[in-house]
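Student: Next comes the structure file start_29.pdb, holding PDB, C-alpha atoms.
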ATOM      1  CA  MET A   1      17.632  -4.872  23.053  1.00  0.00           C
ATOM      2  CA  ASP A   2      14.577  -2.796  23.834  1.00  0.00           C
ATOM      3  CA  PRO A   3      12.472  -2.956  20.637  1.00  0.00           C
ATOM      4  CA  LEU A   4      10.992   0.445  21.465  1.00  0.00           C
ATOM      5  CA  ALA A   5      14.334   2.169  22.007  1.00  0.00           C
ATOM      6  CA  PRO A   6      14.502   5.337  19.875  1.00  0.00           C
ATOM      7  CA  ILE A   7      16.605   5.278  16.713  1.00  0.00           C
ATOM      8  CA  ALA A   8      18.408   8.500  15.796  1.00  0.00           C
ATOM      9  CA  GLY A   9      16.269  10.153  18.461  1.00  0.00           C
ATOM     10  CA  LEU A  10      12.948   8.987  16.989  1.00  0.00           C
ATOM     11  CA  THR A  11      10.472   6.839  18.903  1.00  0.00           C
ATOM     12  CA  ILE A  12       8.310   4.553  16.816  1.00  0.00           C
ATOM     13  CA  ASP A  13       5.339   6.912  17.271  1.00  0.00           C
ATOM     14  CA  ARG A  14       7.316   9.924  16.081  1.00  0.00           C
ATOM     15  CA  TYR A  15       8.799   7.886  13.267  1.00  0.00           C
ATOM     16  CA  ALA A  16       5.268   6.894  12.184  1.00  0.00           C
ATOM     17  CA  GLU A  17       4.101  10.516  12.237  1.00  0.00           C
ATOM     18  CA  LEU A  18       7.024  11.718  10.140  1.00  0.00           C
ATOM     19  CA  SER A  19       6.567   8.770   7.789  1.00  0.00           C
ATOM     20  CA  ALA A  20       2.973   9.870   7.208  1.00  0.00           C
ATOM     21  CA  GLU A  21       4.115  13.411   6.455  1.00  0.00           C
ATOM     22  CA  VAL A  22       6.695  12.077   4.009  1.00  0.00           C
ATOM     23  CA  ALA A  23       4.098   9.839   2.353  1.00  0.00           C
ATOM     24  CA  ALA A  24       1.679  12.768   2.068  1.00  0.00           C
ATOM     25  CA  ALA A  25       4.398  14.648   0.164  1.00  0.00           C
ATOM     26  CA  ARG A  26       3.907  12.060  -2.611  1.00  0.00           C
ATOM     27  CA  GLY A  27       7.524  11.924  -3.681  1.00  0.00           C
ATOM     28  CA  ASP A  28       8.080  15.691  -3.848  1.00  0.00           C
ATOM     29  CA  SER A  29      11.688  16.004  -2.645  1.00  0.00           C
ATOM     30  CA  LEU A  30      11.239  19.678  -1.741  1.00  0.00           C
ATOM     31  CA  LYS A  31       8.249  18.915   0.464  1.00  0.00           C
ATOM     32  CA  VAL A  32      10.091  16.009   2.073  1.00  0.00           C
ATOM     33  CA  GLY A  33      12.968  18.358   2.838  1.00  0.00           C
ATOM     34  CA  GLU A  34      10.538  20.814   4.411  1.00  0.00           C
ATOM     35  CA  VAL A  35       9.081  18.050   6.596  1.00  0.00           C
ATOM     36  CA  LEU A  36      12.517  17.075   7.899  1.00  0.00           C
ATOM     37  CA  GLU A  37      13.609  20.681   8.370  1.00  0.00           C
ATOM     38  CA  LYS A  38      10.474  21.483  10.368  1.00  0.00           C
ATOM     39  CA  ALA A  39      11.165  18.424  12.522  1.00  0.00           C
ATOM     40  CA  GLY A  40      14.751  19.576  13.058  1.00  0.00           C
ATOM     41  CA  LEU A  41      15.992  16.260  11.704  1.00  0.00           C
ATOM     42  CA  PRO A  42      19.079  16.064   9.469  1.00  0.00           C
ATOM     43  CA  SER A  43      18.654  13.892   6.386  1.00  0.00           C
ATOM     44  CA  ASP A  44      21.319  11.445   7.586  1.00  0.00           C
ATOM     45  CA  ASP A  45      19.506  10.940  10.894  1.00  0.00           C
ATOM     46  CA  TRP A  46      16.240  10.370   9.045  1.00  0.00           C
ATOM     47  CA  GLN A  47      17.824   7.758   6.793  1.00  0.00           C
ATOM     48  CA  ARG A  48      19.355   6.058   9.833  1.00  0.00           C
ATOM     49  CA  ALA A  49      16.002   6.043  11.630  1.00  0.00           C
ATOM     50  CA  HIS A  50      14.272   4.718   8.531  1.00  0.00           C
ATOM     51  CA  ALA A  51      16.792   1.907   8.072  1.00  0.00           C
ATOM     52  CA  GLY A  52      16.693   0.973  11.760  1.00  0.00           C
ATOM     53  CA  TRP A  53      12.921   0.978  12.161  1.00  0.00           C
ATOM     54  CA  SER A  54      12.486  -0.805   8.825  1.00  0.00           C
ATOM     55  CA  ALA A  55      14.710  -3.610  10.107  1.00  0.00           C
ATOM     56  CA  ARG A  56      12.755  -3.905  13.355  1.00  0.00           C
ATOM     57  CA  LEU A  57       9.410  -3.852  11.553  1.00  0.00           C
ATOM     58  CA  ALA A  58      10.616  -6.600   9.223  1.00  0.00           C
ATOM     59  CA  ASP A  59      11.771  -8.769  12.129  1.00  0.00           C
ATOM     60  CA  PRO A  60       9.691 -11.984  12.299  1.00  0.00           C
ATOM     61  CA  VAL A  61       9.297 -11.662  16.073  1.00  0.00           C
ATOM     62  CA  LEU A  62       9.222  -7.930  16.701  1.00  0.00           C
ATOM     63  CA  GLY A  63       7.509  -6.929  13.491  1.00  0.00           C
ATOM     64  CA  LEU A  64       3.903  -7.829  14.293  1.00  0.00           C
ATOM     65  CA  PRO A  65       3.405  -5.802  17.497  1.00  0.00           C
ATOM     66  CA  LEU A  66       5.595  -2.966  16.249  1.00  0.00           C
ATOM     67  CA  GLY A  67       3.809  -2.947  12.903  1.00  0.00           C
ATOM     68  CA  ALA A  68       0.396  -2.659  14.544  1.00  0.00           C
ATOM     69  CA  ARG A  69       1.556   0.318  16.597  1.00  0.00           C
ATOM     70  CA  PHE A  70       3.255   1.911  13.587  1.00  0.00           C
ATOM     71  CA  GLU A  71       0.212   1.544  11.325  1.00  0.00           C
ATOM     72  CA  GLU A  72      -2.192   2.956  13.904  1.00  0.00           C
ATOM     73  CA  ARG A  73      -0.201   6.129  14.458  1.00  0.00           C
ATOM     74  CA  TYR A  74       0.762   6.424  10.789  1.00  0.00           C
ATOM     75  CA  HIS A  75      -2.840   6.331   9.600  1.00  0.00           C
ATOM     76  CA  GLU A  76      -4.043   8.622  12.367  1.00  0.00           C
ATOM     77  CA  LYS A  77      -1.538  11.189  11.112  1.00  0.00           C
ATOM     78  CA  LEU A  78      -2.489  10.605   7.461  1.00  0.00           C
ATOM     79  CA  ASP A  79      -6.134  11.228   8.371  1.00  0.00           C
ATOM     80  CA  ASP A  80      -5.101  14.489  10.055  1.00  0.00           C
ATOM     81  CA  LEU A  81      -3.172  15.540   6.952  1.00  0.00           C
ATOM     82  CA  LEU A  82      -5.432  14.284   4.168  1.00  0.00           C
ATOM     83  CA  GLY A  83      -8.850  13.899   5.752  1.00  0.00           C
ATOM     84  CA  PRO A  84     -10.843  10.679   6.187  1.00  0.00           C
ATOM     85  CA  PRO A  85      -9.791   7.647   4.126  1.00  0.00           C
ATOM     86  CA  PRO A  86     -11.837   6.672   1.054  1.00  0.00           C
ATOM     87  CA  ASP A  87     -15.180   5.157   2.009  1.00  0.00           C
ATOM     88  CA  VAL A  88     -14.885   1.706   0.453  1.00  0.00           C
ATOM     89  CA  PRO A  89     -17.186  -1.115   1.649  1.00  0.00           C
ATOM     90  CA  PRO A  90     -15.222  -4.151   2.881  1.00  0.00           C
ATOM     91  CA  GLU A  91     -16.815  -6.265   0.130  1.00  0.00           C
ATOM     92  CA  ASP A  92     -15.328  -3.943  -2.492  1.00  0.00           C
ATOM     93  CA  PHE A  93     -12.011  -4.141  -0.685  1.00  0.00           C
ATOM     94  CA  ALA A  94     -12.240  -7.933  -0.895  1.00  0.00           C
ATOM     95  CA  ALA A  95     -12.759  -7.680  -4.663  1.00  0.00           C
ATOM     96  CA  MET A  96      -9.707  -5.426  -4.959  1.00  0.00           C
ATOM     97  CA  LEU A  97      -7.692  -7.844  -2.822  1.00  0.00           C
ATOM     98  CA  GLY A  98      -8.682 -10.721  -5.079  1.00  0.00           C
ATOM     99  CA  GLU A  99      -7.631  -8.791  -8.178  1.00  0.00           C
ATOM    100  CA  ALA A 100      -4.308  -7.919  -6.569  1.00  0.00           C
ATOM    101  CA  LEU A 101      -3.662 -11.549  -5.671  1.00  0.00           C
ATOM    102  CA  ALA A 102      -4.121 -12.444  -9.320  1.00  0.00           C
ATOM    103  CA  LEU A 103      -2.696  -9.373 -11.079  1.00  0.00           C
ATOM    104  CA  GLY A 104      -0.307  -7.941  -8.489  1.00  0.00           C
ATOM    105  CA  LEU A 105      -0.744  -4.575  -6.811  1.00  0.00           C
ATOM    106  CA  PRO A 106       0.412  -2.575  -9.878  1.00  0.00           C
ATOM    107  CA  GLY A 107      -2.082  -4.399 -12.092  1.00  0.00           C
ATOM    108  CA  MET A 108      -4.985  -3.842  -9.727  1.00  0.00           C
ATOM    109  CA  GLY A 109      -3.962  -0.240  -9.139  1.00  0.00           C
ATOM    110  CA  GLU A 110      -3.723   0.537 -12.839  1.00  0.00           C
ATOM    111  CA  THR A 111      -7.071  -1.095 -13.581  1.00  0.00           C
ATOM    112  CA  ARG A 112      -8.889   0.761 -10.830  1.00  0.00           C
ATOM    113  CA  GLY A 113      -6.880   3.986 -10.840  1.00  0.00           C
ATOM    114  CA  VAL A 114      -5.771   3.460  -7.242  1.00  0.00           C
ATOM    115  CA  SER A 115      -2.363   4.740  -6.139  1.00  0.00           C
ATOM    116  CA  PRO A 116      -0.313   2.869  -3.496  1.00  0.00           C
ATOM    117  CA  LEU A 117      -1.012   5.635  -0.970  1.00  0.00           C
ATOM    118  CA  VAL A 118      -4.764   5.452  -1.534  1.00  0.00           C
ATOM    119  CA  TRP A 119      -4.659   1.659  -1.416  1.00  0.00           C
ATOM    120  CA  SER A 120      -2.807   1.648   1.897  1.00  0.00           C
ATOM    121  CA  ARG A 121      -5.562   3.789   3.397  1.00  0.00           C
ATOM    122  CA  ILE A 122      -8.355   1.636   1.958  1.00  0.00           C
ATOM    123  CA  SER A 123      -6.624  -1.522   3.148  1.00  0.00           C
ATOM    124  CA  TYR A 124      -5.984  -0.314   6.686  1.00  0.00           C
ATOM    125  CA  ASN A 125      -9.516   0.993   7.179  1.00  0.00           C
ATOM    126  CA  SER A 126     -11.098  -2.184   5.759  1.00  0.00           C
ATOM    127  CA  ARG A 127      -8.904  -4.456   7.862  1.00  0.00           C
ATOM    128  CA  LYS A 128      -9.910  -2.528  10.979  1.00  0.00           C
ATOM    129  CA  ILE A 129     -13.600  -2.953  10.191  1.00  0.00           C
ATOM    130  CA  LEU A 130     -13.314  -6.635   9.322  1.00  0.00           C
ATOM    131  CA  ALA A 131     -11.258  -7.424  12.431  1.00  0.00           C
ATOM    132  CA  THR A 132     -14.353  -6.709  14.539  1.00  0.00           C
ATOM    133  CA  ASP A 133     -16.551  -9.177  12.634  1.00  0.00           C
ATOM    134  CA  PRO A 134     -14.945 -12.635  12.155  1.00  0.00           C
ATOM    135  CA  THR A 135     -17.886 -13.949  10.096  1.00  0.00           C
ATOM    136  CA  ARG A 136     -17.736 -11.080   7.648  1.00  0.00           C
ATOM    137  CA  LEU A 137     -13.947 -11.327   7.569  1.00  0.00           C
ATOM    138  CA  THR A 138     -14.082 -14.992   6.571  1.00  0.00           C
ATOM    139  CA  ALA A 139     -16.666 -14.234   3.904  1.00  0.00           C
ATOM    140  CA  CYS A 140     -14.593 -11.403   2.458  1.00  0.00           C
ATOM    141  CA  LEU A 141     -11.501 -13.578   2.314  1.00  0.00           C
ATOM    142  CA  ALA A 142     -13.480 -16.276   0.546  1.00  0.00           C
ATOM    143  CA  LEU A 143     -14.741 -13.714  -1.957  1.00  0.00           C
ATOM    144  CA  ALA A 144     -11.182 -12.507  -2.590  1.00  0.00           C
ATOM    145  CA  SER A 145     -10.085 -16.104  -3.112  1.00  0.00           C
ATOM    146  CA  GLN A 146     -12.823 -16.744  -5.669  1.00  0.00           C
ATOM    147  CA  ILE A 147     -12.069 -13.575  -7.611  1.00  0.00           C
ATOM    148  CA  SER A 148      -8.362 -14.363  -7.633  1.00  0.00           C
ATOM    149  CA  GLU A 149      -8.986 -17.901  -8.878  1.00  0.00           C
ATOM    150  CA  ARG A 150     -11.256 -16.693 -11.671  1.00  0.00           C
ATOM    151  CA  ARG A 151      -8.658 -14.152 -12.776  1.00  0.00           C
ATOM    152  CA  LEU A 152      -5.849 -16.702 -12.772  1.00  0.00           C
ATOM    153  CA  THR A 153      -7.813 -19.414 -14.601  1.00  0.00           C
ATOM    154  CA  GLY A 154      -9.455 -17.069 -17.062  1.00  0.00           C
ATOM    155  CA  GLU A 155     -12.892 -18.251 -15.998  1.00  0.00           C
ATOM    156  CA  ALA A 156     -15.658 -16.026 -17.277  1.00  0.00           C
ATOM    157  CA  PRO A 157     -17.353 -13.948 -14.600  1.00  0.00           C
ATOM    158  CA  PRO A 158     -20.769 -15.126 -13.422  1.00  0.00           C
ATOM    159  CA  THR A 159     -23.828 -13.605 -15.073  1.00  0.00           C
ATOM    160  CA  GLU A 160     -24.997 -12.448 -11.667  1.00  0.00           C
ATOM    161  CA  PRO A 161     -23.081  -9.879  -9.551  1.00  0.00           C
ATOM    162  CA  VAL A 162     -20.238 -11.419  -7.574  1.00  0.00           C
ATOM    163  CA  ALA A 163     -21.674 -10.385  -4.233  1.00  0.00           C
ATOM    164  CA  PRO A 164     -25.460  -9.866  -4.439  1.00  0.00           C
ATOM    165  CA  GLY A 165     -26.981  -8.780  -1.166  1.00  0.00           C
ATOM    166  CA  PRO A 166     -25.405  -9.131   2.263  1.00  0.00           C
ATOM    167  CA  LEU A 167     -22.464 -11.477   2.408  1.00  0.00           C
ATOM    168  CA  LYS A 168     -24.098 -13.488   5.162  1.00  0.00           C
ATOM    169  CA  ASP A 169     -26.771 -14.553   2.635  1.00  0.00           C
ATOM    170  CA  ARG A 170     -24.304 -15.573  -0.051  1.00  0.00           C
ATOM    171  CA  VAL A 171     -23.902 -19.176  -1.104  1.00  0.00           C
ATOM    172  CA  PHE A 172     -20.210 -19.743  -1.825  1.00  0.00           C
ATOM    173  CA  GLU A 173     -18.880 -22.240  -4.331  1.00  0.00           C
ATOM    174  CA  GLN A 174     -17.000 -23.867  -1.494  1.00  0.00           C
ATOM    175  CA  ASP A 175     -17.008 -23.596   2.265  1.00  0.00           C
ATOM    176  CA  ALA A 176     -15.965 -20.060   3.187  1.00  0.00           C
ATOM    177  CA  THR A 177     -13.500 -21.161   5.829  1.00  0.00           C
ATOM    178  CA  VAL A 178     -11.657 -23.392   3.369  1.00  0.00           C
ATOM    179  CA  ALA A 179     -11.624 -20.730   0.671  1.00  0.00           C
ATOM    180  CA  ALA A 180     -10.365 -18.121   3.093  1.00  0.00           C
ATOM    181  CA  LYS A 181      -7.227 -20.116   3.817  1.00  0.00           C
ATOM    182  CA  ALA A 182      -5.957 -19.309   0.332  1.00  0.00           C
ATOM    183  CA  VAL A 183      -5.787 -15.601   1.071  1.00  0.00           C
ATOM    184  CA  GLY A 184      -5.931 -15.388   4.863  1.00  0.00           C
ATOM    185  CA  LYS A 185      -2.187 -15.305   5.385  1.00  0.00           C
ATOM    186  CA  ALA A 186      -1.732 -12.749   2.627  1.00  0.00           C
ATOM    187  CA  PHE A 187      -4.473 -10.609   4.139  1.00  0.00           C
ATOM    188  CA  PHE A 188      -3.017 -10.504   7.620  1.00  0.00           C
ATOM    189  CA  SER A 189       0.613 -10.179   6.520  1.00  0.00           C
ATOM    190  CA  GLY A 190      -0.254  -7.466   4.041  1.00  0.00           C
ATOM    191  CA  LEU A 191       0.465  -9.617   0.963  1.00  0.00           C
ATOM    192  CA  ASP A 192       4.226  -8.995   1.164  1.00  0.00           C
ATOM    193  CA  ALA A 193       3.664  -5.475   2.479  1.00  0.00           C
ATOM    194  CA  PHE A 194       0.746  -5.076   0.059  1.00  0.00           C
ATOM    195  CA  GLY A 195      -1.524  -2.489   1.593  1.00  0.00           C
ATOM    196  CA  SER A 196       0.697  -1.829   4.550  1.00  0.00           C
ATOM    197  CA  ALA A 197       1.649   1.630   5.679  1.00  0.00           C
ATOM    198  CA  MET A 198       5.266   0.633   5.643  1.00  0.00           C
ATOM    199  CA  ASP A 199       5.119  -0.177   1.953  1.00  0.00           C
ATOM    200  CA  GLN A 200       3.789   3.216   0.987  1.00  0.00           C
ATOM    201  CA  MET A 201       6.140   5.022   3.329  1.00  0.00           C
ATOM    202  CA  SER A 202       9.109   3.273   1.757  1.00  0.00           C
ATOM    203  CA  LYS A 203       7.887   4.138  -1.723  1.00  0.00           C
ATOM    204  CA  SER A 204       7.671   7.790  -0.731  1.00  0.00           C
ATOM    205  CA  LEU A 205      11.105   7.818   0.866  1.00  0.00           C
ATOM    206  CA  LEU A 206      12.851   5.956  -1.887  1.00  0.00           C
ATOM    207  CA  GLY A 207      10.488   6.838  -4.703  1.00  0.00           C
ATOM    208  CA  PRO A 208      11.266   8.992  -7.723  1.00  0.00           C
ATOM    209  CA  SER A 209      11.718  12.737  -7.659  1.00  0.00           C
ATOM    210  CA  VAL A 210      12.135  15.152 -10.548  1.00  0.00           C
ATOM    211  CA  GLY A 211      15.496  14.524 -12.181  1.00  0.00           C
ATOM    212  CA  SER A 212      16.050  11.092 -10.660  1.00  0.00           C
ATOM    213  CA  ARG A 213      16.997   8.131 -12.834  1.00  0.00           C
ATOM    214  CA  VAL A 214      14.371   5.392 -12.848  1.00  0.00           C
ATOM    215  CA  ILE A 215      13.545   1.998 -14.300  1.00  0.00           C
ATOM    216  CA  VAL A 216      10.148   1.594 -15.965  1.00  0.00           C
ATOM    217  CA  GLN A 217       8.388  -1.770 -16.006  1.00  0.00           C
ATOM    218  CA  TRP A 218       6.803  -1.854 -19.482  1.00  0.00           C
ATOM    219  CA  SER A 219       3.772  -3.796 -20.628  1.00  0.00           C
ATOM    220  CA  ASP A 220       5.982  -6.144 -22.673  1.00  0.00           C
ATOM    221  CA  GLY A 221       7.516  -7.409 -19.430  1.00  0.00           C
ATOM    222  CA  ASN A 222      10.862  -5.669 -19.982  1.00  0.00           C
ATOM    223  CA  LYS A 223      12.408  -2.833 -17.975  1.00  0.00           C
ATOM    224  CA  TYR A 224      13.625   0.416 -19.532  1.00  0.00           C
ATOM    225  CA  PRO A 225      15.698   3.314 -18.121  1.00  0.00           C
ATOM    226  CA  GLY A 226      14.471   6.865 -17.978  1.00  0.00           C
ATOM    227  CA  THR A 227      14.552  10.156 -16.073  1.00  0.00           C
ATOM    228  CA  VAL A 228      11.690  11.732 -14.132  1.00  0.00           C
ATOM    229  CA  ALA A 229      10.447  14.950 -15.745  1.00  0.00           C
ATOM    230  CA  LYS A 230       7.325  15.560 -13.654  1.00  0.00           C
ATOM    231  CA  LEU A 231       5.284  14.003 -10.841  1.00  0.00           C
ATOM    232  CA  GLU A 232       1.525  13.971 -10.369  1.00  0.00           C
ATOM    233  CA  GLU A 233      -0.873  12.032  -8.147  1.00  0.00           C
ATOM    234  CA  GLY A 234      -0.432   8.377  -9.050  1.00  0.00           C
ATOM    235  CA  ARG A 235       1.680   8.870 -12.173  1.00  0.00           C
ATOM    236  CA  VAL A 236       5.136   9.937 -13.334  1.00  0.00           C
ATOM    237  CA  LEU A 237       6.185  11.696 -16.546  1.00  0.00           C
ATOM    238  CA  VAL A 238       9.328   9.836 -17.629  1.00  0.00           C
ATOM    239  CA  THR A 239      11.789  10.899 -20.316  1.00  0.00           C
ATOM    240  CA  MET A 240      12.825   7.624 -21.910  1.00  0.00           C
ATOM    241  CA  SER A 241      16.291   6.886 -23.309  1.00  0.00           C
ATOM    242  CA  ASP A 242      15.076   7.738 -26.847  1.00  0.00           C
ATOM    243  CA  GLY A 243      13.965  11.198 -25.686  1.00  0.00           C
ATOM    244  CA  ALA A 244      10.246  10.442 -25.771  1.00  0.00           C
ATOM    245  CA  GLN A 245       8.207  11.400 -22.708  1.00  0.00           C
ATOM    246  CA  ARG A 246       5.458   9.146 -21.397  1.00  0.00           C
ATOM    247  CA  TRP A 247       3.149   9.202 -18.381  1.00  0.00           C
ATOM    248  CA  ILE A 248       3.658   6.006 -16.372  1.00  0.00           C
ATOM    249  CA  PRO A 249       1.595   4.816 -13.362  1.00  0.00           C
ATOM    250  CA  GLU A 250       3.863   5.301 -10.322  1.00  0.00           C
ATOM    251  CA  ALA A 251       3.542   1.651  -9.346  1.00  0.00           C
ATOM    252  CA  PHE A 252       5.553   0.758 -12.470  1.00  0.00           C
ATOM    253  CA  VAL A 253       8.389   3.224 -11.798  1.00  0.00           C
ATOM    254  CA  GLN A 254      11.346   2.380  -9.550  1.00  0.00           C
ATOM    255  CA  VAL A 255      14.382   4.456  -8.632  1.00  0.00           C
ATOM    256  CA  ALA A 256      17.425   3.144 -10.496  1.00  0.00           C
TER     257      ALA A 256
END
Would you write the structure of this file as structure tokens?

Tutor:
Amino acid sequence: MDPLAPIAGLTIDRYAELSAEVAAARGDSLKVGEVLEKAGLPSDDWQRAHAGWSARLADPVLGLPLGARFEERYHEKLDDLLGPPPDVPPEDFAAMLGEALALGLPGMGETRGVSPLVWSRISYNSRKILATDPTRLTACLALASQISERRLTGEAPPTEPVAPGPLKDRVFEQDATVAAKAVGKAFFSGLDAFGSAMDQMSKSLLGPSVGSRVIVQWSDGNKYPGTVAKLEEGRVLVTMSDGAQRWIPEAFVQVA
């Protein structure tokens, strides 16, 4: 099988472009419909292309080279649609990565007010920058590892800033290369699609729309049913089963 063979008439580059347009619609089903209509693509063909390319991108052999090509075109298109990505220094990205390793993406996103779409853009841009500087990359991974460990163990933060001055001048608690191993694989694999374009695209495709039935992950650890009443950037107004309406961060809302 040719891994680049079109699916439902879509090449991987065209699929990435349309995925970016769908993601930029932020779950608005009407806007998604407009995107597909403008592309002359029936909904069934889009779903077939999405399922097919998702399978190829998840393949342990094909996924890495295909994923790199997908992400590049996807983020190029997002930049065209939404403007430049947020300007976040790689050291701040490392801190966010460490928090996500300890708290999960929803926990980090809620704490910092970062939506999955915004995070995917921060992550991709930071990974591109760090890929050109192995020393800085190793240092950032070590920093993420330390932050994650402190969060998980409940260790009090140091009295001094976590990353004073340039990272090259930092003295780590342990050798940076050793520390980096704890998060290196997660960083390069996207932490189970954490930060990857594919993750956000899937959330947009399969995410909630007004009127859809959803499951809300509550702070008590339980899940509760509800119906979407309204969508805004990064949050969803959900009508719960008791009739009460509550704004929920979108990371905690899944289509039922």

Student: When you draw a straight line from atom CA of Ser126 of chain A to atom CA of Pro89 of chain A, how long is it in Å?

Tutor: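 Between these atoms lies a distance of 7.4 Å.
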
Student: Evaluate the PyMOL selection byres ((chain A and resi 101) around 9) here and jot the selected residues down as a list in words.

Tutor: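 Those residues are Met96, Leu97, Gly98, Glu99, Ala100, Ala102, Leu103, Gly104, Leu105, Met108, Ala144, Ser145, Ile147, Ser148, Glu149, Val183, Ala186 and Leu191 of chain A.
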
Student: Under the rule that all atoms listed in the file are counted, which of A:Ala142, A:Asn125, A:Gly107, A:Gly52 is the nearest residue to Phe252 of chain A?

Tutor: A:Gly107

Student: Skip segment 225-231 of chain A itself and residues of its chain fewer than 4 positions away, then list as a list of chain:residue names all residues within 6 Å of it, counting only C-alpha atoms.

Tutor: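 Skipping anything fewer than 4 positions along the chain leaves A:Val210, A:Gly211, A:Ser212, A:Arg213, A:Val214, A:Ile215, A:Val236, A:Leu237, A:Val238, A:Thr239, A:Met240, A:Ser241.
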
Student: Tell me which of A:Cys140, A:Tyr224, A:Ser209, A:Ile12 sits closest to Pro65 of chain A, counting all atoms listed in the file.

Tutor: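 So, comparing all the options, the nearest one is A:Ile12.
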
Student: Work out how far atom CA of Ser115 of chain A is from atom CA of Glu250 of chain A, in Å to one decimal.

Tutor: 7.5 Å

Student: Which residues are near Pro86 of chain A? Cut-off 8 Å, all atoms listed in the file, ignore same chain within fewer than 3 positions. Put them as a list in words.

Tutor: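 My list of contacting residues is Val118, Arg121 and Ile122 of chain A.
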
Student: Show which residues sit within 6 Å of Arg235 of chain A, as number ranges by chain. Count all atoms listed in the file, and ignore same-chain residues fewer than 2 positions away.

Tutor: A: 232-233, 248-250

Student: Counting all atoms listed in the file, which residue out of A:Pro106, A:Ser120, A:Leu10, A:Arg136 sits closest to Gln217 of chain A?

Tutor: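 Selected residue with least distance to Gln217 of chain A: A:Pro106.
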
Student: Check which residues satisfy the PyMOL selection byres ((chain A and resi 3) around 9) in the file shown, then give them as a ChimeraX atom specification.

Tutor: /A:1-2,4-6,56,62,66

Student: What does the distance between atom CA of Glu71 of chain A and atom CA of Leu57 of chain A come to in Å, to one decimal place?

Tutor: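 If I compute the distance from atom CA of Glu71 of chain A to atom CA of Leu57 of chain A, I get 10.7 Å.
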
Student: Name every residue that the PyMOL selection byres ((chain A and resi 30-46) around 12) selects in this structure, writing the answer as JSON, numbers by chain with chains first and numbers rising.

Tutor: {"A": [6, 7, 8, 9, 10, 11, 14, 15, 16, 17, 18, 19, 20, 21, 22, 23, 24, 25, 26, 27, 28, 29, 47, 48, 49, 50, 51, 52, 53, 54, 201, 204, 205, 206, 207, 209, 210]}

Student: Using all atoms listed in the file, which of the listed residues (A:Asp13, A:Ala58, A:Thr111, A:Pro90) sits closest to Glu72 of chain A?

Tutor: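 Between A:Asp13, A:Ala58, A:Thr111, A:Pro90, the residue approaching Glu72 of chain A most closely is A:Asp13.
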
Student: Of the residues A:Arg112, A:Lys223, A:Arg69, A:Arg151, which is the one nearest to Phe93 of chain A, using all atoms listed in the file?

Tutor: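 Of the candidates, the smallest distance to Phe93 of chain A is held by A:Arg112.
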